[in-house]
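**Q** I'd like to ask you about the structure that follows.
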Amino acid sequence: MHAHRLTIAALLTLAPACADDEIPNDLGSRPEDDVLLIDSPILQHLAAALEDGDTLRASDLFFAERLRFTTAPDPSELLAAQASEHAALPPLAEPTTLKVLTYNTGLLSRWYPFTHVGVPKYRERRAETAARLLGDGWDVLFLQEVWELVDVERFAAEAKAQGYAIYAGSEEKHAQHGVVLLVREALIAEAAQEFVEEQYEAQREIELFPGPGIKRGLLGWSFTHAATGRRIHLYATHFTAFPELWQERDVQARVLGGRARSHADEDVVLVGGDLNAGPYYPEDSFGSDGEATLSGWWHNAMMYPLLLHYGGLYDSHSALAPAQDVARMQQLSLPFEFGPYKKDPLAGRCAEIPVDTFTGTDCNSLYFGQYGATEYPARLDYIFVRDVGQHVRVVSSALEYTEPLDFGAAGRFELSDHYGQSATLQIE
Amino acid sequence: MIGPSFLLAVALASPAEAPADSGEGAGAVVPAPAATADVTGADGAIARPPATSPATRAKTGRGLLIAGGVLTGLGVVGRIGLEVYWSTAAQIVPTDPFARWSTANLVFVTNWNNLMFFGPGLGLLTAGAYRRGGHEARLGKVRDAKRMRLVGIGLLSGGLGLWALSRALFLPIAEACPSNRCAYTTLETTFWIGTGAIFAGAAHLAYGTGCSKAAAKVSVAPSLGPGFAGLGLAGRF
């Protein structure tokens, strides 16, 4: 992964013409753009952390030069508010259950000049992933990093055997975004289905070429829920990675949020994906490649509220009780010191930190092997709900596939370098 | 234009008459004529001394051939290195189908090596072979230049055809292939065969052309006259 980063850095240096414009083309065209941070329960914790935050609007968050963080944006109130709002909802009369999983499968192994980027144990894991995931009873699966068409075919074959419908987009674009959606066939009513495949304008273009052929995007799938007749819209996505690329992610969040908000209020929208940023980072500096410590983490805390804001969404993992992002981050050994974090995952604190929040963490051996000591652990994978008509309740939320598995002669390791995020929903 | 014949004993040309960089000076570039003073022919005629008299090195093509060989060698090493990379560090699964997304990177890395090394190497080797052909013809080495040119044209055409066709049709071929092993083997086999034929063909053609041109411009013939005997050399000035 270091080689990957070094190559990216070198290519960035050599290719100034590839500089991206991260400002949305239509910024200012939506009512959400003009909202003052202090007027939004979702964004106001950003205002408190920014110099002149009381004068900034949502649209200002896309301009790096307008953002001077003075402290860590603390989403505690936002997380608590989501839980309290959900708790205030009346019970549903005749709900049916929908088990939803989002999972970055980490099926990545690609070459480009002159390096390789991949998640360890690719060959062993991919042989297991499809059968294991589709055999675990999920109704809806949002999958990321199923990059290769040959792996999509594995999922398609398993889907056919297990009674799932699958949508992975077009062959050409799929190989660039790697996203897959699966829905249990029995849940899909006769009514027309709609499919969407979109690749974001905001990209780190060098990821596509001469990088590993990646162009971030989303898949959408609309269908009528057979049991309830409710129209459900699914969006699966995988945002741009790397903490320094927060601007790309924020623009992508605005696009995705717009998609989610575009549907009728009586419909249900579920968004699942690896969004590559967490809601909270206690210190602005964390992680090192052994030389400089990486700064700028507070900017990464904007993606989460921006997506909630633009999409009118709530976080299923913070519906039953406030998500524990702040508490878990405060369990880390801070300030960051490279030596201890490089020596042991999370500087030896994995046993103390409950596996209930961070989906990307050095406590995962595959993650540690790639990113060890270079990044914060964080909640990167989410299931969001847009439910204006209040037809959905969250009944459980948990991290999945957190334990190492026995891969025989290859050893014991996790199914992916991410943990899965699940939500069991009731829907009427 | 074929110029007048001179006696072989006479300086054939001065640098002023045949620029040293002409490369095809034929008889115009003969090593170190001992013509620093008037030379008297057997018939008593006085030949004009050269206007200048620095020693002129023969254009044998050796330097070009060496430079071209070095660059081509680097290209070969680079290409083999690329193949080693594909089969090891790139972690390409041999049994997987070819991944279309990698086409842009394939084009990039292979042509980078071609443009950096093989292309310039081919140019230098071709120029060197051309000069070598001319040089050896002037030394009187007998070659079937016409045959060499024909062989060269055949190899060059075949090599270029194979290279162009295999690249133009690479995606359909790769997608028809059941595996990466098949796709990459096709890519590399056609590369080596095509490149080998292109280099061999270009060298043959250039060498044969160099021979022919030199032979056309320089003719050596016995020359007899009242009071002298020698060889006459005809060349272009």
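For the structure tokens, the naming scheme is as follows: chains receive sequential letters (A, B, ...) according to their order of presentation, residues are indexed from 1 within each chain, and ligands are indexed from 1 in presentation order.
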Find the residues in chain B near chain A: any atom within 10 Å counts, using only C-alpha atoms. Write them as a PDB file with C-alpha atoms, in the first residue's frame.
**A**
ATOM      1  CA  LEU B  82       7.758  -6.210 -17.706  1.00  0.00           C
ATOM      2  CA  TYR B  85       6.516  -8.070 -13.323  1.00  0.00           C
ATOM      3  CA  TRP B  86       3.293  -9.333 -14.866  1.00  0.00           C
ATOM      4  CA  ALA B  89       4.466  -8.639  -8.548  1.00  0.00           C
ATOM      5  CA  ALA B  90       1.418  -7.686 -10.598  1.00  0.00           C
ATOM      6  CA  GLN B  91      -0.323 -10.751  -9.141  1.00  0.00           C
ATOM      7  CA  ILE B  92      -2.313 -11.394 -12.270  1.00  0.00           C
ATOM      8  CA  VAL B  93      -4.272 -14.587 -11.857  1.00  0.00           C
ATOM      9  CA  ASP B  96      -8.779 -15.555 -14.815  1.00  0.00           C
ATOM     10  CA  PRO B  97     -10.186 -14.088 -17.994  1.00  0.00           C
ATOM     11  CA  PHE B  98      -8.403 -11.048 -19.350  1.00  0.00           C
ATOM     12  CA  ALA B  99      -9.499  -7.888 -17.555  1.00  0.00           C
ATOM     13  CA  ARG B 100     -10.405  -5.246 -20.081  1.00  0.00           C
ATOM     14  CA  TRP B 101      -9.759  -2.435 -17.604  1.00  0.00           C
ATOM     15  CA  SER B 102      -6.027  -3.172 -17.823  1.00  0.00           C
ATOM     16  CA  THR B 103      -5.839  -2.378 -21.536  1.00  0.00           C
ATOM     17  CA  ALA B 104      -4.908   1.271 -21.019  1.00  0.00           C
ATOM     18  CA  ASN B 105      -2.094   0.311 -18.677  1.00  0.00           C
ATOM     19  CA  LEU B 106      -0.926  -2.376 -21.087  1.00  0.00           C
ATOM     20  CA  PHE B 108       1.017   2.589 -21.642  1.00  0.00           C
ATOM     21  CA  VAL B 109       3.728   0.345 -20.241  1.00  0.00           C
TER      22      VAL B 109
END
**Q** Please list as a PyMOL selection string every residue within 12 Å of Arg254 of chain A, counting only C-alpha atoms and excluding residues in the same chain fewer than 4 positions away.
**A** chain A and resi 22-30+32-33+58-59+61-62+200-202+239+247-250+258-261+302-313
**Q** Once you have the residues from the selection above, write them out as a compact mmCIF listing (two decimals), in the first residue's frame, restricted to N, CA and C atoms.
**A**
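Okay, again-v8.txt is ready:
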# COMPACT_ATOMS: atom_id res chain seq x y z
N GLU A 22 -12.93 20.20 -7.61
CA GLU A 22 -13.81 19.51 -6.67
C GLU A 22 -15.05 20.31 -6.31
N ILE A 23 -15.24 21.46 -6.91
CA ILE A 23 -16.43 22.25 -6.60
C ILE A 23 -17.58 21.76 -7.48
N PRO A 24 -18.72 21.44 -6.86
CA PRO A 24 -19.84 20.96 -7.68
C PRO A 24 -20.26 22.00 -8.71
N ASN A 25 -20.53 21.53 -9.91
CA ASN A 25 -20.90 22.45 -10.99
C ASN A 25 -22.19 23.20 -10.70
N ASP A 26 -23.10 22.53 -9.98
CA ASP A 26 -24.41 23.14 -9.75
C ASP A 26 -24.54 23.66 -8.32
N LEU A 27 -23.42 23.95 -7.71
CA LEU A 27 -23.48 24.44 -6.33
C LEU A 27 -24.29 25.73 -6.26
N GLY A 28 -25.20 25.78 -5.33
CA GLY A 28 -26.08 26.93 -5.20
C GLY A 28 -27.45 26.70 -5.80
N SER A 29 -27.59 25.60 -6.50
CA SER A 29 -28.86 25.33 -7.18
C SER A 29 -29.87 24.60 -6.30
N ARG A 30 -29.43 24.12 -5.16
CA ARG A 30 -30.34 23.37 -4.29
C ARG A 30 -30.58 24.16 -3.01
N GLU A 32 -30.61 23.11 -0.12
CA GLU A 32 -29.69 22.64 0.93
C GLU A 32 -28.35 23.37 0.88
N ASP A 33 -27.98 23.90 -0.28
CA ASP A 33 -26.70 24.59 -0.40
C ASP A 33 -26.66 25.86 0.45
N ALA A 58 -23.78 25.70 3.94
CA ALA A 58 -23.38 24.36 3.48
C ALA A 58 -22.49 24.45 2.24
N SER A 59 -22.81 25.36 1.35
CA SER A 59 -22.03 25.48 0.11
C SER A 59 -20.58 25.88 0.39
N LEU A 61 -18.70 24.70 2.54
CA LEU A 61 -17.91 23.54 2.96
C LEU A 61 -17.16 22.89 1.79
N PHE A 62 -17.49 23.29 0.57
CA PHE A 62 -16.80 22.71 -0.58
C PHE A 62 -15.58 23.54 -0.99
N TYR A 200 -19.31 9.43 -10.51
CA TYR A 200 -19.24 10.81 -10.03
C TYR A 200 -18.34 11.65 -10.92
N GLU A 201 -18.69 12.92 -11.01
CA GLU A 201 -17.79 13.84 -11.73
C GLU A 201 -16.54 14.10 -10.91
N ALA A 202 -16.73 14.21 -9.61
CA ALA A 202 -15.57 14.46 -8.74
C ALA A 202 -14.81 13.16 -8.56
N PHE A 239 -17.14 5.60 -2.07
CA PHE A 239 -16.53 6.91 -2.29
C PHE A 239 -15.01 6.78 -2.44
N GLN A 247 -12.31 16.38 -0.27
CA GLN A 247 -13.16 17.21 -1.13
C GLN A 247 -13.92 16.36 -2.14
N GLU A 248 -13.25 15.37 -2.72
CA GLU A 248 -13.94 14.48 -3.65
C GLU A 248 -15.10 13.79 -2.95
N ARG A 249 -14.83 13.31 -1.75
CA ARG A 249 -15.89 12.59 -1.01
C ARG A 249 -17.07 13.51 -0.71
N ASP A 250 -16.78 14.74 -0.33
CA ASP A 250 -17.88 15.65 0.02
C ASP A 250 -18.76 15.93 -1.19
N GLY A 258 -28.44 13.97 -3.20
CA GLY A 258 -29.43 14.44 -4.16
C GLY A 258 -30.24 13.30 -4.74
N ARG A 259 -29.56 12.23 -5.04
CA ARG A 259 -30.27 11.04 -5.54
C ARG A 259 -31.29 10.56 -4.52
N ALA A 260 -30.86 10.44 -3.27
CA ALA A 260 -31.74 9.92 -2.22
C ALA A 260 -32.95 10.82 -2.03
N ARG A 261 -32.73 12.11 -2.13
CA ARG A 261 -33.80 13.06 -1.87
C ARG A 261 -34.79 13.17 -3.04
N MET A 302 -16.57 16.02 7.70
CA MET A 302 -17.68 16.73 7.06
C MET A 302 -18.55 15.82 6.19
N MET A 303 -17.97 14.73 5.69
CA MET A 303 -18.72 13.90 4.75
C MET A 303 -20.02 13.38 5.36
N TYR A 304 -19.92 12.90 6.58
CA TYR A 304 -21.08 12.28 7.23
C TYR A 304 -22.25 13.26 7.37
N PRO A 305 -22.04 14.42 7.98
CA PRO A 305 -23.18 15.34 8.07
C PRO A 305 -23.63 15.87 6.71
N LEU A 306 -22.70 16.01 5.77
CA LEU A 306 -23.12 16.49 4.46
C LEU A 306 -24.07 15.51 3.78
N LEU A 307 -23.77 14.22 3.89
CA LEU A 307 -24.65 13.23 3.26
C LEU A 307 -26.02 13.22 3.94
N LEU A 308 -26.01 13.30 5.26
CA LEU A 308 -27.30 13.37 5.97
C LEU A 308 -28.09 14.61 5.53
N HIS A 309 -27.37 15.70 5.42
CA HIS A 309 -28.00 16.98 5.09
C HIS A 309 -28.58 16.96 3.68
N TYR A 310 -27.77 16.57 2.73
CA TYR A 310 -28.24 16.62 1.34
C TYR A 310 -29.25 15.51 1.04
N GLY A 311 -29.15 14.41 1.73
CA GLY A 311 -30.04 13.30 1.42
C GLY A 311 -31.29 13.24 2.27
N GLY A 312 -31.36 14.02 3.34
CA GLY A 312 -32.48 13.89 4.26
C GLY A 312 -32.51 12.49 4.86
N LEU A 313 -31.32 12.01 5.20
CA LEU A 313 -31.15 10.62 5.65
C LEU A 313 -30.91 10.56 7.14
**Q** Run DSSP on the backbone and tell me which residues of segment 350-399 of chain A come out as helix (DSSP H, G or I); list them as a list in words.
**A**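 Assigned to helix (DSSP H, G or I), within segment 350-399 of chain A: Ser365, Leu366, Tyr367, Phe368, Gly369, Gln370 and Tyr371 of chain A.
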**Q** Grab the residues selected above and save them as a JSON list (two decimals), in the first residue's frame with N, CA and C atoms.
**A**
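Below you can see result-v2.json, which holds the result:
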[["chain", "number", "residue", "atom", "x", "y", "z"],
["A", 365, "SER", "N", -6.70, -7.87, 10.66],
["A", 365, "SER", "CA", -5.33, -8.17, 10.24],
["A", 365, "SER", "C", -5.07, -7.77, 8.79],
["A", 366, "LEU", "N", -6.10, -7.87, 7.95],
["A", 366, "LEU", "CA", -5.90, -7.50, 6.55],
["A", 366, "LEU", "C", -5.77, -5.99, 6.40],
["A", 367, "TYR", "N", -6.48, -5.27, 7.23],
["A", 367, "TYR", "CA", -6.39, -3.81, 7.22],
["A", 367, "TYR", "C", -5.03, -3.37, 7.76],
["A", 368, "PHE", "N", -4.65, -4.00, 8.83],
["A", 368, "PHE", "CA", -3.35, -3.66, 9.44],
["A", 368, "PHE", "C", -2.22, -3.93, 8.44],
["A", 369, "GLY", "N", -2.36, -5.02, 7.69],
["A", 369, "GLY", "CA", -1.33, -5.35, 6.72],
["A", 369, "GLY", "C", -1.16, -4.29, 5.64],
["A", 370, "GLN", "N", -2.23, -3.58, 5.35],
["A", 370, "GLN", "CA", -2.15, -2.56, 4.31],
["A", 370, "GLN", "C", -1.90, -1.17, 4.86],
["A", 371, "TYR", "N", -2.63, -0.83, 5.92],
["A", 371, "TYR", "CA", -2.65, 0.56, 6.38],
["A", 371, "TYR", "C", -2.04, 0.75, 7.76]]
**Q** Give me the residues near Pro172 of chain B as JSON, numbers by chain, where near means some atom within 12 Å (using only C-alpha atoms) and where sequence neighbours in that chain fewer than 5 positions away do not count.
**A** {"B": [98, 100, 103, 165, 166, 167, 177, 178, 183, 186]}
**Q** Please, could you write that set of residues out with C-alpha atoms as a compact mmCIF listing (two decimals), in the first residue's frame?
**A**
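Wrote it out as out.txt, contents follow:
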# COMPACT_ATOMS: atom_id res chain seq x y z
CA PHE B 98 -8.40 -11.05 -19.35
CA ARG B 100 -10.40 -5.25 -20.08
CA THR B 103 -5.84 -2.38 -21.54
CA LEU B 165 -2.72 -6.67 -36.67
CA SER B 166 -2.13 -8.29 -33.30
CA ARG B 167 -2.42 -4.89 -31.58
CA CYS B 177 -9.00 -16.13 -24.84
CA PRO B 178 -10.18 -18.15 -21.88
CA ALA B 183 -4.05 -13.28 -23.60
CA THR B 186 -0.52 -13.98 -27.35
**Q** Which residues are near Val140 of chain A? Cut-off 7 Å, only C-alpha atoms, ignore same chain within fewer than 3 positions. Put them as an mmCIF file with C-alpha atoms, in the first residue's frame.
**A**
data_model
loop_
_atom_site.group_PDB
_atom_site.id
_atom_site.type_symbol
_atom_site.label_atom_id
_atom_site.label_comp_id
_atom_site.auth_asym_id
_atom_site.auth_seq_id
_atom_site.Cartn_x
_atom_site.Cartn_y
_atom_site.Cartn_z
ATOM 1 C CA LYS A 99 -32.105 -7.651 6.734
ATOM 2 C CA VAL A 100 -29.619 -5.356 5.095
ATOM 3 C CA LEU A 101 -25.862 -5.629 4.823
ATOM 4 C CA LEU A 182 -28.251 -8.011 -4.484
ATOM 5 C CA VAL A 183 -31.873 -8.377 -3.471
ATOM 6 C CA ARG A 184 -33.680 -11.518 -2.504
#
**Q** Show me, as a PyMOL selection string, the residues that have an atom within 8 Å of Ala145 of chain B when counting only C-alpha atoms, minus same-chain residues fewer than 6 positions from it.
**A** chain B and resi 207-209+211-212
**Q** Take the residues that were just selected and, keeping C-alpha atoms, output them as a PDB file, in the first residue's frame.
**A**
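Result written to again_24.pdb:
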ATOM      1  CA  TYR B 207      22.184  -3.031 -45.364  1.00  0.00           C
ATOM      2  CA  GLY B 208      21.166  -4.112 -48.834  1.00  0.00           C
ATOM      3  CA  THR B 209      20.193  -0.585 -49.769  1.00  0.00           C
ATOM      4  CA  CYS B 211      25.330  -1.856 -50.515  1.00  0.00           C
ATOM      5  CA  SER B 212      23.363  -1.073 -53.626  1.00  0.00           C
TER       6      SER B 212
END
**Q** For Ala410 of chain A, which residue out of A:Arg125, A:Leu67, A:Leu108, A:Ala253 is the nearest one, using only C-alpha atoms?
**A**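 Smallest separation from Ala410 of chain A among the options: A:Arg125.
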**Q** Need the shell around Tyr184 of chain B: protein/DNA/RNA residues with any atom at most 10 Å away, counting only C-alpha atoms. Skip same-chain ones fewer than 3 positions apart. Format as number ranges by chain?
**A** B: 83, 86-87, 94, 98, 170, 174, 177, 179-181, 187-190
**Q** Let's have the selection written as a PDB file, in the first residue's frame, with N, CA and C atoms.
**A**
ATOM      1  N   GLU B  83       7.562  -8.521 -18.339  1.00  0.00           N
ATOM      2  CA  GLU B  83       6.961  -9.857 -18.290  1.00  0.00           C
ATOM      3  C   GLU B  83       7.152 -10.499 -16.914  1.00  0.00           C
ATOM      4  N   TRP B  86       4.654  -8.804 -14.669  1.00  0.00           N
ATOM      5  CA  TRP B  86       3.293  -9.333 -14.866  1.00  0.00           C
ATOM      6  C   TRP B  86       3.116 -10.705 -14.222  1.00  0.00           C
ATOM      7  N   SER B  87       4.155 -11.492 -14.299  1.00  0.00           N
ATOM      8  CA  SER B  87       3.990 -12.861 -13.806  1.00  0.00           C
ATOM      9  C   SER B  87       4.283 -12.991 -12.314  1.00  0.00           C
ATOM     10  N   PRO B  94      -3.400 -16.166 -13.513  1.00  0.00           N
ATOM     11  CA  PRO B  94      -3.263 -16.692 -14.883  1.00  0.00           C
ATOM     12  C   PRO B  94      -4.531 -17.303 -15.434  1.00  0.00           C
ATOM     13  N   PHE B  98      -9.084 -12.329 -19.215  1.00  0.00           N
ATOM     14  CA  PHE B  98      -8.403 -11.048 -19.350  1.00  0.00           C
ATOM     15  C   PHE B  98      -9.307  -9.921 -18.869  1.00  0.00           C
ATOM     16  N   PHE B 170      -6.160  -6.920 -30.584  1.00  0.00           N
ATOM     17  CA  PHE B 170      -5.824  -7.505 -29.281  1.00  0.00           C
ATOM     18  C   PHE B 170      -7.053  -7.719 -28.399  1.00  0.00           C
ATOM     19  N   ALA B 174      -8.046 -11.115 -26.924  1.00  0.00           N
ATOM     20  CA  ALA B 174      -7.959 -11.322 -25.469  1.00  0.00           C
ATOM     21  C   ALA B 174      -9.296 -11.793 -24.911  1.00  0.00           C
ATOM     22  N   CYS B 177      -9.862 -15.270 -25.653  1.00  0.00           N
ATOM     23  CA  CYS B 177      -8.999 -16.131 -24.844  1.00  0.00           C
ATOM     24  C   CYS B 177      -9.723 -16.541 -23.564  1.00  0.00           C
ATOM     25  N   SER B 179      -8.260 -17.163 -20.772  1.00  0.00           N
ATOM     26  CA  SER B 179      -7.503 -16.831 -19.559  1.00  0.00           C
ATOM     27  C   SER B 179      -6.489 -15.730 -19.823  1.00  0.00           C
ATOM     28  N   ASN B 180      -6.018 -15.149 -18.724  1.00  0.00           N
ATOM     29  CA  ASN B 180      -4.923 -14.188 -18.819  1.00  0.00           C
ATOM     30  C   ASN B 180      -3.690 -14.832 -19.435  1.00  0.00           C
ATOM     31  N   ARG B 181      -3.467 -16.068 -19.106  1.00  0.00           N
ATOM     32  CA  ARG B 181      -2.290 -16.754 -19.634  1.00  0.00           C
ATOM     33  C   ARG B 181      -2.315 -16.726 -21.158  1.00  0.00           C
ATOM     34  N   LEU B 187      -0.056 -11.768 -26.549  1.00  0.00           N
ATOM     35  CA  LEU B 187       0.532 -10.429 -26.632  1.00  0.00           C
ATOM     36  C   LEU B 187       2.048 -10.510 -26.778  1.00  0.00           C
ATOM     37  N   GLU B 188       2.652 -11.326 -25.964  1.00  0.00           N
ATOM     38  CA  GLU B 188       4.108 -11.357 -25.948  1.00  0.00           C
ATOM     39  C   GLU B 188       4.686 -12.151 -27.107  1.00  0.00           C
ATOM     40  N   THR B 189       4.020 -13.217 -27.491  1.00  0.00           N
ATOM     41  CA  THR B 189       4.509 -13.992 -28.634  1.00  0.00           C
ATOM     42  C   THR B 189       4.487 -13.145 -29.899  1.00  0.00           C
ATOM     43  N   THR B 190       3.379 -12.465 -30.113  1.00  0.00           N
ATOM     44  CA  THR B 190       3.295 -11.625 -31.311  1.00  0.00           C
ATOM     45  C   THR B 190       4.278 -10.466 -31.211  1.00  0.00           C
TER      46      THR B 190
END
**Q** Residues at most 6 Å from Val269 of chain A, counting only C-alpha atoms, excluding those fewer than 4 positions away in the same chain, as a ChimeraX atom specification?
**A** /A:232-234,385-386
**Q** Given the selection you just returned, output its residues as a file containing C-alpha atoms, formatted as a PDB file, in the first residue's frame.
**A**
ATOM      1  CA  ILE A 232     -37.900   0.936  -2.156  1.00  0.00           C
ATOM      2  CA  HIS A 233     -34.953   2.686  -3.711  1.00  0.00           C
ATOM      3  CA  LEU A 234     -31.501   1.254  -3.056  1.00  0.00           C
ATOM      4  CA  VAL A 385     -32.318   5.519   5.581  1.00  0.00           C
ATOM      5  CA  ARG A 386     -34.552   8.149   4.048  1.00  0.00           C
TER       6      ARG A 386
END
**Q** Using DSSP on the backbone, list every residue of segment 305-427 of chain A that comes out as strand (DSSP E or B), and give them as a PDB file with C-alpha atoms, in the first residue's frame.
**A**
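Final file, part.pdb:
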ATOM      1  CA  TYR A 314     -30.535   9.125   9.024  1.00  0.00           C
ATOM      2  CA  ASP A 315     -27.859   6.706  10.111  1.00  0.00           C
ATOM      3  CA  GLY A 360     -12.004   0.013   9.040  1.00  0.00           C
ATOM      4  CA  ALA A 378     -13.061   4.773  11.683  1.00  0.00           C
ATOM      5  CA  ASP A 381     -19.316   1.720   6.113  1.00  0.00           C
ATOM      6  CA  TYR A 382     -22.884   2.842   6.598  1.00  0.00           C
ATOM      7  CA  ILE A 383     -26.518   2.083   5.983  1.00  0.00           C
ATOM      8  CA  PHE A 384     -28.551   5.253   5.767  1.00  0.00           C
ATOM      9  CA  VAL A 385     -32.318   5.519   5.581  1.00  0.00           C
ATOM     10  CA  ARG A 386     -34.552   8.149   4.048  1.00  0.00           C
ATOM     11  CA  VAL A 392     -39.226   2.006   8.609  1.00  0.00           C
ATOM     12  CA  ARG A 393     -37.864   1.095  12.008  1.00  0.00           C
ATOM     13  CA  VAL A 394     -34.401  -0.094  12.837  1.00  0.00           C
ATOM     14  CA  VAL A 395     -34.493  -3.103  15.115  1.00  0.00           C
ATOM     15  CA  SER A 396     -30.824  -3.954  15.200  1.00  0.00           C
ATOM     16  CA  SER A 397     -27.522  -2.720  13.892  1.00  0.00           C
ATOM     17  CA  ALA A 398     -24.204  -4.468  14.158  1.00  0.00           C
ATOM     18  CA  LEU A 399     -20.809  -5.049  12.668  1.00  0.00           C
ATOM     19  CA  GLU A 400     -20.507  -8.294  10.745  1.00  0.00           C
ATOM     20  CA  LEU A 405     -11.982 -17.363   9.436  1.00  0.00           C
ATOM     21  CA  ASP A 406     -10.153 -20.580   8.808  1.00  0.00           C
ATOM     22  CA  ARG A 412      -6.764 -17.610   9.542  1.00  0.00           C
ATOM     23  CA  PHE A 413      -7.783 -14.125   8.549  1.00  0.00           C
ATOM     24  CA  GLY A 420     -19.557  -5.441   7.386  1.00  0.00           C
ATOM     25  CA  GLN A 421     -22.303  -3.181   8.687  1.00  0.00           C
ATOM     26  CA  SER A 422     -25.762  -4.635   9.026  1.00  0.00           C
ATOM     27  CA  ALA A 423     -29.163  -3.281   9.866  1.00  0.00           C
ATOM     28  CA  THR A 424     -32.298  -5.235  10.505  1.00  0.00           C
ATOM     29  CA  LEU A 425     -35.213  -3.089   9.550  1.00  0.00           C
ATOM     30  CA  GLN A 426     -38.934  -3.309   9.913  1.00  0.00           C
ATOM     31  CA  ILE A 427     -40.895  -1.906   7.054  1.00  0.00           C
TER      32      ILE A 427
END
**Q** State, in Å with one decimal place, the distance from atom CA of Asn113 of chain B to atom CA of Val151 of chain B.
**A**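 If I compute the distance from atom CA of Asn113 of chain B to atom CA of Val151 of chain B, I get 27.2 Å.
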**Q** Could you please determine the separation between atom CA of His135 of chain B and atom CA of Arg62 of chain B in Å, to one decimal place?
**A**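 One can read the atom CA of His135 of chain B to atom CA of Arg62 of chain B distance as 10.0 Å.
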**Q** Which one of A:Phe155, A:Phe336, A:Tyr280, A:Trp297 sits closest to Arg132 of chain A if you count only C-alpha atoms?
**A**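 Residue with the minimum atom-to-atom distance to Arg132 of chain A: A:Phe155.
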**Q** Of the candidates A:Asp34, A:Glu207, A:Glu85, A:Glu51, which shows the shortest atom-to-atom distance to Leu320 of chain A, using only C-alpha atoms?
**A** A:Glu85
**Q** Check the smallest atom-to-atom distance from each of B:Leu171, B:Ala176, B:Ala203, B:Met116 to Arg132 of chain B using only C-alpha atoms, then report the winner.
**A**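 Counting only C-alpha atoms, the residue closest to Arg132 of chain B is B:Ala203.
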**Q** Using only C-alpha atoms, which of the listed residues (A:Gln390, A:Thr70, A:Thr96, A:Thr402) sits closest to Asn364 of chain A?
**A**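 Comparing A:Gln390, A:Thr70, A:Thr96, A:Thr402 against Asn364 of chain A, the winner is A:Thr402.
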**Q** Grab the atom CA of Trp192 of chain B to atom CA of Thr88 of chain B distance for me, in Å with one decimal place.
**A**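 Distance between the two atoms: 20.1 Å.
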**Q** Counting only C-alpha atoms, figure out which residue out of A:Leu79, A:Ala48, A:Asp39, A:Gly217 gets nearest to Thr240 of chain A.
**A**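 The answer is A:Gly217, which sits nearest to Thr240 of chain A.
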